[in-house]
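Everything below concerns the one structure shown next.
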Amino acid sequence: MVTAFQNTQVLLLAAVLLAACLAKLTVREEAADAPDHVHGVPVPAGLARLSALRGSRGMTVGLGIGEGVLGLALLMTSHLSVRLATTVAFAAATWVVGELRVSRPDAGCGCFGGLSGKRVGRRSVLRAVLFTGAAITSMGAPLAGLDVLRDVQVQVALVLAAEVALFAALSPELSALLERRSLPHGRARPAMPCERRRSPIAETYATLYDSAAWVEHENVIASAVPLDVWREGCWRFVVFPARVDDQDMEVVFAVSTAERDRAVRSALVAPDPSLSAAL
């Protein structure tokens, strides 16, 4: 059973690498100007250069070709060097995705080309970690991918189906792909203007709690019940009481009401004493 599980990881990783290669070569990422600040914090110069390099078409094509070569190598040979290179590649990808989630929550990971344009979430980080674990497991597999395919065992088929289902659930790119296929010529459906769009309060809270801004301030928030909630145009503002260095403060979150790529901004402010006196 252990050997079958190891052989399954070879097939899984080869399929993922070839899919990533195909997506990078065929689905272009939308050009976007990288901001100098994220949530009011300056983006480090090194990370900004890395983001610009990652977003270039030449780098995308180069990465795609490299992933395609690794995927084909996994299918054709069981040499340890190929398995080691695959493990290093997925470990590096995990580090990059983790850094993007913390330092550039406005940017997509580009893992599958233009399909990975949405901001990096917990699912993308978990997926990268699991792929790295699969790569480490595959290093002990005795067979190359094509050898496994020539005589597919029932155990291999079941494990592969379960893992594909798991990774599909962790992949936001599937919804982007389905959206593209449902539209003529792959053109994106025009989004409704954010100031006119109906944005349920439950959607706002879901976006807020999944944001880097919430993670940054959640340890100082004194109550799960907001002090005030209101909407202005494309933003819904949510105010929570906070306690910072034994002082009463307020955390103001601005949550975008846009249909896609919703952003969350935050600010830590001192409460207005005149409002308290009026109450």
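Going through the structure tokens in order, the chains are called A, B, and so on, while each chain numbers its residues from 1 and the ligands are numbered from 1 in the order shown.
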Mind listing the helix (DSSP H, G or I) residues of stretch 133-273 of chain A, per DSSP on the backbone, as a ChimeraX atom specification? /A:133-138,145-150,154-169,173-181,184-186,201-209,212-217,273
Which residues, written as a list in words, have at least one atom at most 12 Å from A:Tyr205, with only C-alpha atoms counted and residues fewer than 4 positions away on the same chain left out?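 Listing them by chain and then by number gives Ser199, Pro200, Ile201, Tyr209, Asp210, Ser211, Trp214, Ala224, Val225, Pro226, Val229, Arg236, Phe237, Val238, Val239, Phe253, Ala254, Val255, Ser256, Thr257, Arg262 and Val264 of chain A.
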Take the residues from that selection and write them out as an mmCIF file, in the first residue's frame, keeping N, CA, C and O atoms.
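Dumped to result.cif:
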```cif
data_model
loop_
_atom_site.group_PDB
_atom_site.id
_atom_site.type_symbol
_atom_site.label_atom_id
_atom_site.label_comp_id
_atom_site.auth_asym_id
_atom_site.auth_seq_id
_atom_site.Cartn_x
_atom_site.Cartn_y
_atom_site.Cartn_z
ATOM 1 N N SER A 199 -24.538 44.119 -1.731
ATOM 2 C CA SER A 199 -23.502 43.388 -1.000
ATOM 3 C C SER A 199 -24.049 42.977 0.360
ATOM 4 O O SER A 199 -24.142 43.796 1.278
ATOM 5 N N PRO A 200 -24.431 41.693 0.537
ATOM 6 C CA PRO A 200 -24.971 41.241 1.820
ATOM 7 C C PRO A 200 -23.942 41.411 2.935
ATOM 8 O O PRO A 200 -22.731 41.291 2.717
ATOM 9 N N ILE A 201 -24.417 41.659 4.135
ATOM 10 C CA ILE A 201 -23.513 41.843 5.267
ATOM 11 C C ILE A 201 -22.718 40.570 5.549
ATOM 12 O O ILE A 201 -21.555 40.630 5.964
ATOM 13 N N TYR A 209 -13.008 38.483 7.503
ATOM 14 C CA TYR A 209 -12.351 37.487 8.335
ATOM 15 C C TYR A 209 -11.286 36.688 7.573
ATOM 16 O O TYR A 209 -10.416 36.069 8.199
ATOM 17 N N ASP A 210 -11.344 36.721 6.244
ATOM 18 C CA ASP A 210 -10.360 35.988 5.441
ATOM 19 C C ASP A 210 -9.237 36.896 4.948
ATOM 20 O O ASP A 210 -8.418 36.477 4.134
ATOM 21 N N SER A 211 -9.178 38.112 5.460
ATOM 22 C CA SER A 211 -8.216 39.093 4.955
ATOM 23 C C SER A 211 -6.982 39.190 5.845
ATOM 24 O O SER A 211 -7.003 38.837 7.033
ATOM 25 N N TRP A 214 -7.497 41.651 8.847
ATOM 26 C CA TRP A 214 -8.106 41.088 10.059
ATOM 27 C C TRP A 214 -7.066 40.324 10.869
ATOM 28 O O TRP A 214 -6.995 40.441 12.099
ATOM 29 N N ALA A 224 -16.149 40.808 19.685
ATOM 30 C CA ALA A 224 -16.531 40.296 18.371
ATOM 31 C C ALA A 224 -17.715 41.065 17.793
ATOM 32 O O ALA A 224 -18.041 40.913 16.620
ATOM 33 N N VAL A 225 -18.365 41.887 18.615
ATOM 34 C CA VAL A 225 -19.516 42.676 18.164
ATOM 35 C C VAL A 225 -19.033 44.057 17.724
ATOM 36 O O VAL A 225 -18.409 44.779 18.511
ATOM 37 N N PRO A 226 -19.267 44.439 16.485
ATOM 38 C CA PRO A 226 -18.790 45.744 16.012
ATOM 39 C C PRO A 226 -19.535 46.892 16.673
ATOM 40 O O PRO A 226 -20.703 46.777 17.063
ATOM 41 N N VAL A 229 -21.512 49.850 11.820
ATOM 42 C CA VAL A 229 -21.374 49.329 10.462
ATOM 43 C C VAL A 229 -22.145 50.264 9.526
ATOM 44 O O VAL A 229 -23.309 50.575 9.796
ATOM 45 N N ARG A 236 -17.874 49.127 2.598
ATOM 46 C CA ARG A 236 -18.633 48.994 3.838
ATOM 47 C C ARG A 236 -17.634 49.088 4.994
ATOM 48 O O ARG A 236 -16.639 48.368 5.020
ATOM 49 N N PHE A 237 -17.922 49.970 5.930
ATOM 50 C CA PHE A 237 -17.021 50.214 7.053
ATOM 51 C C PHE A 237 -17.534 49.477 8.291
ATOM 52 O O PHE A 237 -18.732 49.545 8.617
ATOM 53 N N VAL A 238 -16.624 48.796 8.960
ATOM 54 C CA VAL A 238 -16.953 48.047 10.178
ATOM 55 C C VAL A 238 -15.969 48.470 11.262
ATOM 56 O O VAL A 238 -14.747 48.402 11.064
ATOM 57 N N VAL A 239 -16.508 48.933 12.403
ATOM 58 C CA VAL A 239 -15.678 49.448 13.489
ATOM 59 C C VAL A 239 -15.755 48.511 14.685
ATOM 60 O O VAL A 239 -16.849 48.162 15.148
ATOM 61 N N PHE A 253 -12.324 48.934 9.696
ATOM 62 C CA PHE A 253 -12.065 48.138 8.492
ATOM 63 C C PHE A 253 -12.919 48.680 7.358
ATOM 64 O O PHE A 253 -14.117 48.949 7.542
ATOM 65 N N ALA A 254 -12.317 48.837 6.202
ATOM 66 C CA ALA A 254 -13.047 49.213 4.993
ATOM 67 C C ALA A 254 -13.028 48.006 4.060
ATOM 68 O O ALA A 254 -11.970 47.602 3.579
ATOM 69 N N VAL A 255 -14.206 47.423 3.825
ATOM 70 C CA VAL A 255 -14.329 46.199 3.036
ATOM 71 C C VAL A 255 -14.978 46.534 1.700
ATOM 72 O O VAL A 255 -16.071 47.102 1.660
ATOM 73 N N SER A 256 -14.300 46.183 0.625
ATOM 74 C CA SER A 256 -14.817 46.484 -0.708
ATOM 75 C C SER A 256 -16.114 45.728 -0.974
ATOM 76 O O SER A 256 -16.285 44.581 -0.556
ATOM 77 N N THR A 257 -17.034 46.364 -1.673
ATOM 78 C CA THR A 257 -18.297 45.728 -2.058
ATOM 79 C C THR A 257 -18.276 45.306 -3.524
ATOM 80 O O THR A 257 -19.320 45.022 -4.100
ATOM 81 N N ARG A 262 -12.223 41.606 -4.086
ATOM 82 C CA ARG A 262 -12.537 42.545 -3.011
ATOM 83 C C ARG A 262 -11.322 42.767 -2.109
ATOM 84 O O ARG A 262 -10.680 41.817 -1.687
ATOM 85 N N VAL A 264 -9.549 44.697 1.422
ATOM 86 C CA VAL A 264 -9.875 45.096 2.792
ATOM 87 C C VAL A 264 -8.766 46.006 3.294
ATOM 88 O O VAL A 264 -7.584 45.651 3.235
#
```
Fewer than 2 positions away in the same chain doesn't count, so skip those; otherwise give me all residues within 12 Å of A:Arg196, counting only C-alpha atoms, as a CSV table (one decimal) with C-alpha atoms, in the first residue's frame.
```csv
chain,number,residue,atom,x,y,z
A,191,ALA,CA,-18.7,43.4,-13.3
A,192,MET,CA,-21.6,45.4,-11.9
A,193,PRO,CA,-20.4,48.8,-10.6
A,194,CYS,CA,-19.5,48.4,-7.0
A,198,ARG,CA,-26.0,44.6,-3.6
A,199,SER,CA,-23.5,43.4,-1.0
A,231,ARG,CA,-21.8,51.7,3.7
A,232,GLU,CA,-20.4,54.4,1.5
A,233,GLY,CA,-20.3,53.8,-2.2
A,234,CYS,CA,-17.9,50.9,-2.9
A,235,TRP,CA,-17.0,50.3,0.7
A,257,THR,CA,-18.3,45.7,-2.1
A,258,ALA,CA,-17.0,44.9,-5.5
A,259,GLU,CA,-18.1,41.7,-7.3
```
Near-stretch 118-120 of chain A list (12 Å; only C-alpha atoms; drop same-chain fewer than 6 positions) as an MDAnalysis selection string: chainID A and resid 29:30 94 96:112 126:128 170:176 207 210:212 260:264
Within 12 Å of stretch 74-93 of chain A, which residues of stretch 146-241 of chain A show up? Give each one with its shortest atom-to-atom distance in Å (one decimal) and the two atoms involved, counting only C-alpha atoms, rows by chain then rising residue number, as a tab-separated table.
```
residue	atom	partner	partner_atom	distance
A:Leu146	CA	A:Leu75	CA	5.1
A:Asp147	CA	A:Leu75	CA	7.9
A:Val148	CA	A:Leu75	CA	8.8
A:Leu149	CA	A:Leu75	CA	9.1
A:Arg150	CA	A:Leu75	CA	11.2
```
Next, write the just-selected residues to a file, as a CSV table (one decimal), in the first residue's frame, keeping N, CA, C and O atoms as the atom set.
```
chain,number,residue,atom,x,y,z
A,146,LEU,N,4.9,6.8,-16.4
A,146,LEU,CA,4.3,6.0,-17.5
A,146,LEU,C,4.3,4.5,-17.1
A,146,LEU,O,3.4,3.8,-17.5
A,147,ASP,N,5.2,4.1,-16.3
A,147,ASP,CA,5.2,2.7,-15.8
A,147,ASP,C,4.0,2.4,-15.0
A,147,ASP,O,3.4,1.4,-15.0
A,148,VAL,N,3.6,3.5,-14.2
A,148,VAL,CA,2.4,3.3,-13.3
A,148,VAL,C,1.2,3.3,-14.2
A,148,VAL,O,0.3,2.5,-13.9
A,149,LEU,N,1.2,4.1,-15.2
A,149,LEU,CA,0.0,4.1,-16.1
A,149,LEU,C,-0.2,2.8,-16.9
A,149,LEU,O,-1.3,2.5,-17.3
A,150,ARG,N,0.9,2.2,-17.2
A,150,ARG,CA,0.8,0.9,-18.0
A,150,ARG,C,0.1,-0.2,-17.3
A,150,ARG,O,-0.6,-1.0,-17.9
```
Nearest to A:Leu166 by atom-to-atom distance, counting only C-alpha atoms, from A:Asp245, A:Thr26, A:Leu130, A:Met1: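 Ranked by minimum distance to A:Leu166, first place goes to A:Leu130.
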Nearest residue to A:Ser116 out of A:Arg243, A:His217, A:Arg265, A:Lys24, using only C-alpha atoms? A:Lys24
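Nearest residue to A:Gly133 among A:Leu12, A:Leu22, A:Val154, A:Leu227 is A:Leu12, counting only C-alpha atoms.
Note that the spacing between atom CA of A:Leu72 and atom CA of A:Ala20 amounts to 12.5 Å.
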